[in-house]
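**Student:** The structure under discussion is supplied below as structure tokens; questions concerning it will follow.
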Amino acid sequence: MKAAVLTGVQNFELREVPNPQPPGGGLIVKVETCAICGTDVKMYRFGYSAAKLPLIPGHELAGTIARVGEGIQGHREGERVVVAPNIPCGTCFYCQRGMQTSCEKLQTIGVHRDGGFAQYVMIPALAVRQGCVIPVPEDISFEEAALIDPASCAINACELSRVKVGDVVVVIGAGPAGCLNVEVSRAFGAQKIILVQRSLPRLKQAEFTRADVYVSPLREDVVKRVMQETGGKGADVVIVACGSGEAQEQALEMVAKRGNVNLFGGLPKNSTFIKVNSNLIHYKETFVIGTHGGSTRQCKTALDMIASGKIKAKEYVSCRLGLPDFSQAIKLAEERKGLKIFINPYER
Ligand SMILES: [Zn+2]
Ligand SMILES: [Zn+2]
């Protein structure tokens, strides 16, 4: 089969590699589509300690089951599926407490093992047992289904930020993660959603999310505007869906008393420290949390939200390319051209 193999930092090769074989209890999925994620860009640009090279990356994938390993029940060849890429061990301290995203032995497809930028991918037995292989209804396209991974992260964020009916929510950052946080916040009952993004074209591109207010720091003072929009009280929840320390600091200023600030976007490795007026947190009784990733349950909820139109998955599909265009696809994702770039391994 053909595969895009990461052989070193900033080095991809389109290679002919042996087809994977199904292990007992595992599956082979014919990859119809695999979206590029920020993690893939990072892995390409800087390497990734968890990833041993050479590696076929790609974790936001959907396709059809090509082969069913021995002893599998409940799946069949030809079944349309999407894969929840984070495989929890199911037995560690955190898994037993239902905290899959903190699993001590978490295995991610496309990071710890070969992933979806190839014509076929092997799904191990543990993933099947943990319910990571999720059937996709006929009326949902593979590309729409592949959005469950980033969408599950937004669901995890809104759950842990306690977004509830009637809330004012600020989302900072209008990339795919920011847009998903807007849509999920709305589904959770947020009354007013304020979306903040510096770049004006990117802010414009996010209008499909139907946020209530669109704010760019190029045009106005963001904290001041949020205070105006909330009668001087601040927002109930602020989700920082970008890698900016400055945005994290501002979030603490614009949140209401006993509000929640979620540091959803990680900061670049070399600048992880921010300056905080700790008295703001003290006197406002602020809850500051961080979230990353999503669980298998949240991936299933994401698929339901895509099916019901609460997440308008089609709007995220910006571009489709084939495996030979892999480096170009990474570049487009890095330059933030569009929301999601998809690699369809059978194109061209
Ligand atoms: Zn991802
Ligand atoms: Zn675990």
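By convention in this document, the chains of the structure tokens carry letters A, B, ... by their order, each chain's residues are numbered from 1, and ligands are numbered from 1 in the order they are shown.
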A:Glu334: which residues within 8 Å, counting only C-alpha atoms, same-chain residues fewer than 4 positions away excluded, as an mmCIF file with N, CA and C atoms, in the first residue's frame?
**Tutor:**
```cif
data_model
loop_
_atom_site.group_PDB
_atom_site.id
_atom_site.type_symbol
_atom_site.label_atom_id
_atom_site.label_comp_id
_atom_site.auth_asym_id
_atom_site.auth_seq_id
_atom_site.Cartn_x
_atom_site.Cartn_y
_atom_site.Cartn_z
ATOM 1 N N GLY A 38 -3.347 19.767 14.340
ATOM 2 C CA GLY A 38 -2.222 20.553 14.842
ATOM 3 C C GLY A 38 -1.078 19.659 15.327
ATOM 4 N N VAL A 41 1.103 18.651 12.467
ATOM 5 C CA VAL A 41 1.970 19.759 12.056
ATOM 6 C C VAL A 41 3.156 19.858 13.011
ATOM 7 N N ILE A 330 0.397 19.695 4.778
ATOM 8 C CA ILE A 330 0.938 20.147 6.070
ATOM 9 C C ILE A 330 1.175 21.654 6.020
#
```
**Student:** Give one line per residue of chain A that approaches ligand 1 to at most 9 Å, naming the two atoms of the closest pair and their distance in Å to one decimal, counting only C-alpha atoms and all ligand atoms; sort by chain then ascending residue number and deliver it as JSON lines.
**Tutor:**
```
{"residue": "A:Ala35", "atom": "CA", "partner": "ligand 1", "partner_atom_place_in_ligand_line": "1 (Zn)", "distance": 8.0}
{"residue": "A:Ile36", "atom": "CA", "partner": "ligand 1", "partner_atom_place_in_ligand_line": "1 (Zn)", "distance": 7.3}
{"residue": "A:Cys37", "atom": "CA", "partner": "ligand 1", "partner_atom_place_in_ligand_line": "1 (Zn)", "distance": 4.5}
{"residue": "A:Gly38", "atom": "CA", "partner": "ligand 1", "partner_atom_place_in_ligand_line": "1 (Zn)", "distance": 6.6}
{"residue": "A:Thr39", "atom": "CA", "partner": "ligand 1", "partner_atom_place_in_ligand_line": "1 (Zn)", "distance": 6.3}
{"residue": "A:Asp40", "atom": "CA", "partner": "ligand 1", "partner_atom_place_in_ligand_line": "1 (Zn)", "distance": 7.8}
{"residue": "A:Gly58", "atom": "CA", "partner": "ligand 1", "partner_atom_place_in_ligand_line": "1 (Zn)", "distance": 8.2}
{"residue": "A:His59", "atom": "CA", "partner": "ligand 1", "partner_atom_place_in_ligand_line": "1 (Zn)", "distance": 6.3}
{"residue": "A:Glu60", "atom": "CA", "partner": "ligand 1", "partner_atom_place_in_ligand_line": "1 (Zn)", "distance": 5.9}
{"residue": "A:Pro85", "atom": "CA", "partner": "ligand 1", "partner_atom_place_in_ligand_line": "1 (Zn)", "distance": 8.5}
{"residue": "A:Leu147", "atom": "CA", "partner": "ligand 1", "partner_atom_place_in_ligand_line": "1 (Zn)", "distance": 8.6}
{"residue": "A:Asp149", "atom": "CA", "partner": "ligand 1", "partner_atom_place_in_ligand_line": "1 (Zn)", "distance": 5.8}
{"residue": "A:Pro150", "atom": "CA", "partner": "ligand 1", "partner_atom_place_in_ligand_line": "1 (Zn)", "distance": 5.4}
{"residue": "A:Cys153", "atom": "CA", "partner": "ligand 1", "partner_atom_place_in_ligand_line": "1 (Zn)", "distance": 8.7}
{"residue": "A:Gly293", "atom": "CA", "partner": "ligand 1", "partner_atom_place_in_ligand_line": "1 (Zn)", "distance": 8.3}
```
**Student:** Can you work out which one of A:Val255, A:Cys242, A:Leu339, A:Val222 has the shortest atom-to-atom distance to A:Val169, counting only C-alpha atoms?
**Tutor:**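 Comparing A:Val255, A:Cys242, A:Leu339, A:Val222 against A:Val169, the winner is A:Val255.
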**Student:** Using only C-alpha atoms, which residues sit within 10 Å of A:Arg113 once same-chain residues fewer than 2 positions away are excluded, as number ranges by chain?
**Tutor:** A: 50-53, 55-59, 107-111, 115, 121-124
**Student:** Rank A:Tyr44, A:Gly25, A:Arg198, A:Lys105 by their smallest atom-to-atom distance to A:Thr7, using only C-alpha atoms, and report the top residue only.
**Tutor:**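 Selected residue with least distance to A:Thr7: A:Tyr44.
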**Student:** Excluding A:Asp236 and its own-chain neighbours fewer than 4 positions away, which residues fall within 7 Å of it when counting only C-alpha atoms? Please give them as a PDB file with C-alpha atoms, in the first residue's frame.
**Tutor:**
```
ATOM      1  CA  ASP A 167     -24.297  31.128  30.212  1.00  0.00           C
ATOM      2  CA  VAL A 168     -22.251  33.762  28.459  1.00  0.00           C
ATOM      3  CA  VAL A 169     -19.259  31.983  26.924  1.00  0.00           C
ATOM      4  CA  VAL A 255     -14.281  36.094  33.428  1.00  0.00           C
ATOM      5  CA  ALA A 256     -17.165  36.702  35.863  1.00  0.00           C
ATOM      6  CA  GLY A 259     -16.578  31.853  36.451  1.00  0.00           C
ATOM      7  CA  ASN A 260     -14.517  29.181  34.709  1.00  0.00           C
TER       8      ASN A 260
END
```
**Student:** May I ask you to write as a PyMOL selection string all residues lying at most 10 Å from ligand 2, with only C-alpha atoms and all ligand atoms counted?
**Tutor:** chain A and resi 87-107
**Student:** Using all heavy atoms, can you write the selected residues to a file as a compact mmCIF listing (two decimals), in the first residue's frame?
**Tutor:**
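This is the output file again_10.txt:
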```txt
# COMPACT_ATOMS: atom_id res chain seq x y z
N ILE A 87 -6.49 5.29 22.56
CA ILE A 87 -6.89 3.99 23.09
C ILE A 87 -6.54 3.94 24.57
O ILE A 87 -5.37 3.87 24.94
CB ILE A 87 -6.16 2.85 22.35
CG1 ILE A 87 -6.26 3.05 20.83
CG2 ILE A 87 -6.74 1.50 22.76
CD1 ILE A 87 -5.30 2.16 20.06
N PRO A 88 -7.54 3.96 25.45
CA PRO A 88 -7.25 3.89 26.88
C PRO A 88 -6.96 2.44 27.28
O PRO A 88 -7.48 1.52 26.66
CB PRO A 88 -8.56 4.37 27.51
CG PRO A 88 -9.62 4.02 26.52
CD PRO A 88 -8.98 4.03 25.15
N CYS A 89 -6.14 2.27 28.31
CA CYS A 89 -5.80 0.90 28.72
C CYS A 89 -6.99 0.24 29.42
O CYS A 89 -7.16 -0.96 29.37
CB CYS A 89 -4.57 0.89 29.61
SG CYS A 89 -4.87 1.45 31.30
N GLY A 90 -7.81 1.05 30.09
CA GLY A 90 -9.00 0.54 30.75
C GLY A 90 -8.76 0.02 32.16
O GLY A 90 -9.71 -0.30 32.87
N THR A 91 -7.49 -0.09 32.55
CA THR A 91 -7.22 -0.71 33.87
C THR A 91 -6.42 0.17 34.82
O THR A 91 -6.32 -0.14 36.00
CB THR A 91 -6.45 -2.03 33.69
OG1 THR A 91 -5.30 -1.78 32.90
CG2 THR A 91 -7.30 -3.09 33.01
N CYS A 92 -5.81 1.25 34.35
CA CYS A 92 -4.95 2.06 35.22
C CYS A 92 -5.80 2.86 36.23
O CYS A 92 -7.02 2.92 36.13
CB CYS A 92 -4.04 2.99 34.41
SG CYS A 92 -4.87 4.42 33.72
N PHE A 93 -5.13 3.50 37.14
CA PHE A 93 -5.76 4.33 38.18
C PHE A 93 -6.78 5.32 37.58
O PHE A 93 -7.90 5.43 38.05
CB PHE A 93 -4.63 5.08 38.91
CG PHE A 93 -5.08 6.00 39.99
CD1 PHE A 93 -5.27 5.55 41.28
CD2 PHE A 93 -5.29 7.35 39.72
CE1 PHE A 93 -5.68 6.41 42.29
CE2 PHE A 93 -5.71 8.22 40.72
CZ PHE A 93 -5.90 7.75 42.01
N TYR A 94 -6.36 6.02 36.52
CA TYR A 94 -7.23 7.06 35.94
C TYR A 94 -8.38 6.47 35.13
O TYR A 94 -9.51 6.95 35.20
CB TYR A 94 -6.41 8.04 35.11
CG TYR A 94 -5.42 8.80 35.98
CD1 TYR A 94 -4.06 8.50 35.94
CD2 TYR A 94 -5.87 9.78 36.86
CE1 TYR A 94 -3.17 9.18 36.76
CE2 TYR A 94 -4.97 10.45 37.68
CZ TYR A 94 -3.63 10.15 37.63
OH TYR A 94 -2.75 10.80 38.45
N CYS A 95 -8.09 5.42 34.35
CA CYS A 95 -9.15 4.78 33.57
C CYS A 95 -10.25 4.29 34.51
O CYS A 95 -11.44 4.43 34.23
CB CYS A 95 -8.61 3.62 32.75
SG CYS A 95 -7.82 4.15 31.22
N GLN A 96 -9.83 3.74 35.65
CA GLN A 96 -10.83 3.21 36.59
C GLN A 96 -11.67 4.31 37.21
O GLN A 96 -12.75 4.06 37.72
CB GLN A 96 -10.13 2.37 37.65
CG GLN A 96 -9.44 1.19 37.00
CD GLN A 96 -9.45 -0.05 37.83
OE1 GLN A 96 -9.45 0.02 39.05
NE2 GLN A 96 -9.47 -1.19 37.19
N ARG A 97 -11.16 5.53 37.17
CA ARG A 97 -11.95 6.67 37.66
C ARG A 97 -12.69 7.38 36.52
O ARG A 97 -13.21 8.48 36.72
CB ARG A 97 -11.04 7.65 38.38
CG ARG A 97 -10.79 7.22 39.79
CD ARG A 97 -9.61 7.93 40.41
NE ARG A 97 -9.48 7.52 41.81
CZ ARG A 97 -9.11 6.32 42.22
NH1 ARG A 97 -8.84 5.39 41.33
NH2 ARG A 97 -9.04 6.03 43.49
N GLY A 98 -12.67 6.77 35.34
CA GLY A 98 -13.38 7.38 34.22
C GLY A 98 -12.64 8.56 33.61
O GLY A 98 -13.25 9.37 32.92
N MET A 99 -11.34 8.67 33.90
CA MET A 99 -10.56 9.80 33.36
C MET A 99 -9.65 9.31 32.24
O MET A 99 -8.43 9.33 32.34
CB MET A 99 -9.73 10.43 34.50
CG MET A 99 -10.59 11.05 35.59
SD MET A 99 -9.68 11.31 37.14
CE MET A 99 -8.41 12.47 36.62
N GLN A 100 -10.29 8.91 31.14
CA GLN A 100 -9.54 8.32 30.02
C GLN A 100 -8.44 9.21 29.47
O GLN A 100 -7.40 8.73 29.06
CB GLN A 100 -10.50 8.01 28.88
CG GLN A 100 -11.23 6.70 29.03
CD GLN A 100 -11.97 6.36 27.75
OE1 GLN A 100 -11.86 7.03 26.74
NE2 GLN A 100 -12.75 5.31 27.82
N THR A 101 -8.71 10.53 29.44
CA THR A 101 -7.72 11.42 28.82
C THR A 101 -6.43 11.48 29.65
O THR A 101 -5.41 11.95 29.17
CB THR A 101 -8.27 12.85 28.64
OG1 THR A 101 -8.79 13.30 29.89
CG2 THR A 101 -9.37 12.89 27.60
N SER A 102 -6.50 11.01 30.90
CA SER A 102 -5.30 10.98 31.75
C SER A 102 -4.70 9.58 31.86
O SER A 102 -3.80 9.36 32.67
CB SER A 102 -5.66 11.48 33.16
OG SER A 102 -6.11 12.81 33.10
N CYS A 103 -5.19 8.64 31.06
CA CYS A 103 -4.70 7.25 31.11
C CYS A 103 -3.17 7.22 31.09
O CYS A 103 -2.53 7.90 30.30
CB CYS A 103 -5.24 6.45 29.92
SG CYS A 103 -4.51 4.81 29.76
N GLU A 104 -2.61 6.42 32.00
CA GLU A 104 -1.14 6.35 32.12
C GLU A 104 -0.51 5.58 30.97
O GLU A 104 0.69 5.69 30.74
CB GLU A 104 -0.76 5.68 33.45
CG GLU A 104 -1.04 6.60 34.62
CD GLU A 104 -0.89 5.90 35.97
OE1 GLU A 104 -1.14 4.68 36.05
OE2 GLU A 104 -0.52 6.59 36.93
N LYS A 105 -1.31 4.78 30.27
CA LYS A 105 -0.75 3.99 29.17
C LYS A 105 -1.47 4.31 27.86
O LYS A 105 -1.59 3.43 26.99
CB LYS A 105 -0.89 2.50 29.49
CG LYS A 105 -0.03 2.07 30.66
CD LYS A 105 -0.30 0.62 31.00
CE LYS A 105 0.16 0.30 32.41
NZ LYS A 105 -0.61 -0.80 32.99
N LEU A 106 -1.97 5.51 27.75
CA LEU A 106 -2.73 5.90 26.56
C LEU A 106 -1.90 5.67 25.29
O LEU A 106 -0.75 6.07 25.21
CB LEU A 106 -3.12 7.39 26.66
CG LEU A 106 -4.25 7.83 25.74
CD1 LEU A 106 -5.59 7.27 26.23
CD2 LEU A 106 -4.33 9.35 25.70
N GLN A 107 -2.52 4.99 24.33
CA GLN A 107 -1.88 4.73 23.04
C GLN A 107 -2.68 5.49 21.99
O GLN A 107 -3.89 5.29 21.89
CB GLN A 107 -1.97 3.24 22.71
CG GLN A 107 -1.02 2.38 23.49
CD GLN A 107 0.32 2.26 22.79
OE1 GLN A 107 0.39 2.14 21.57
NE2 GLN A 107 1.39 2.31 23.55
```
**Student:** What is the distance, in Å and to one decimal place, between atom CA of A:Leu321 and atom CA of A:Arg202?
**Tutor:** 21.4 Å
**Student:** From the set A:Phe117, A:Phe188, A:Phe46, A:Phe273, which residue has the shortest atom-to-atom contact distance to A:Leu14, counting only C-alpha atoms?
**Tutor:**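 So, comparing all the options, the nearest one is A:Phe117.
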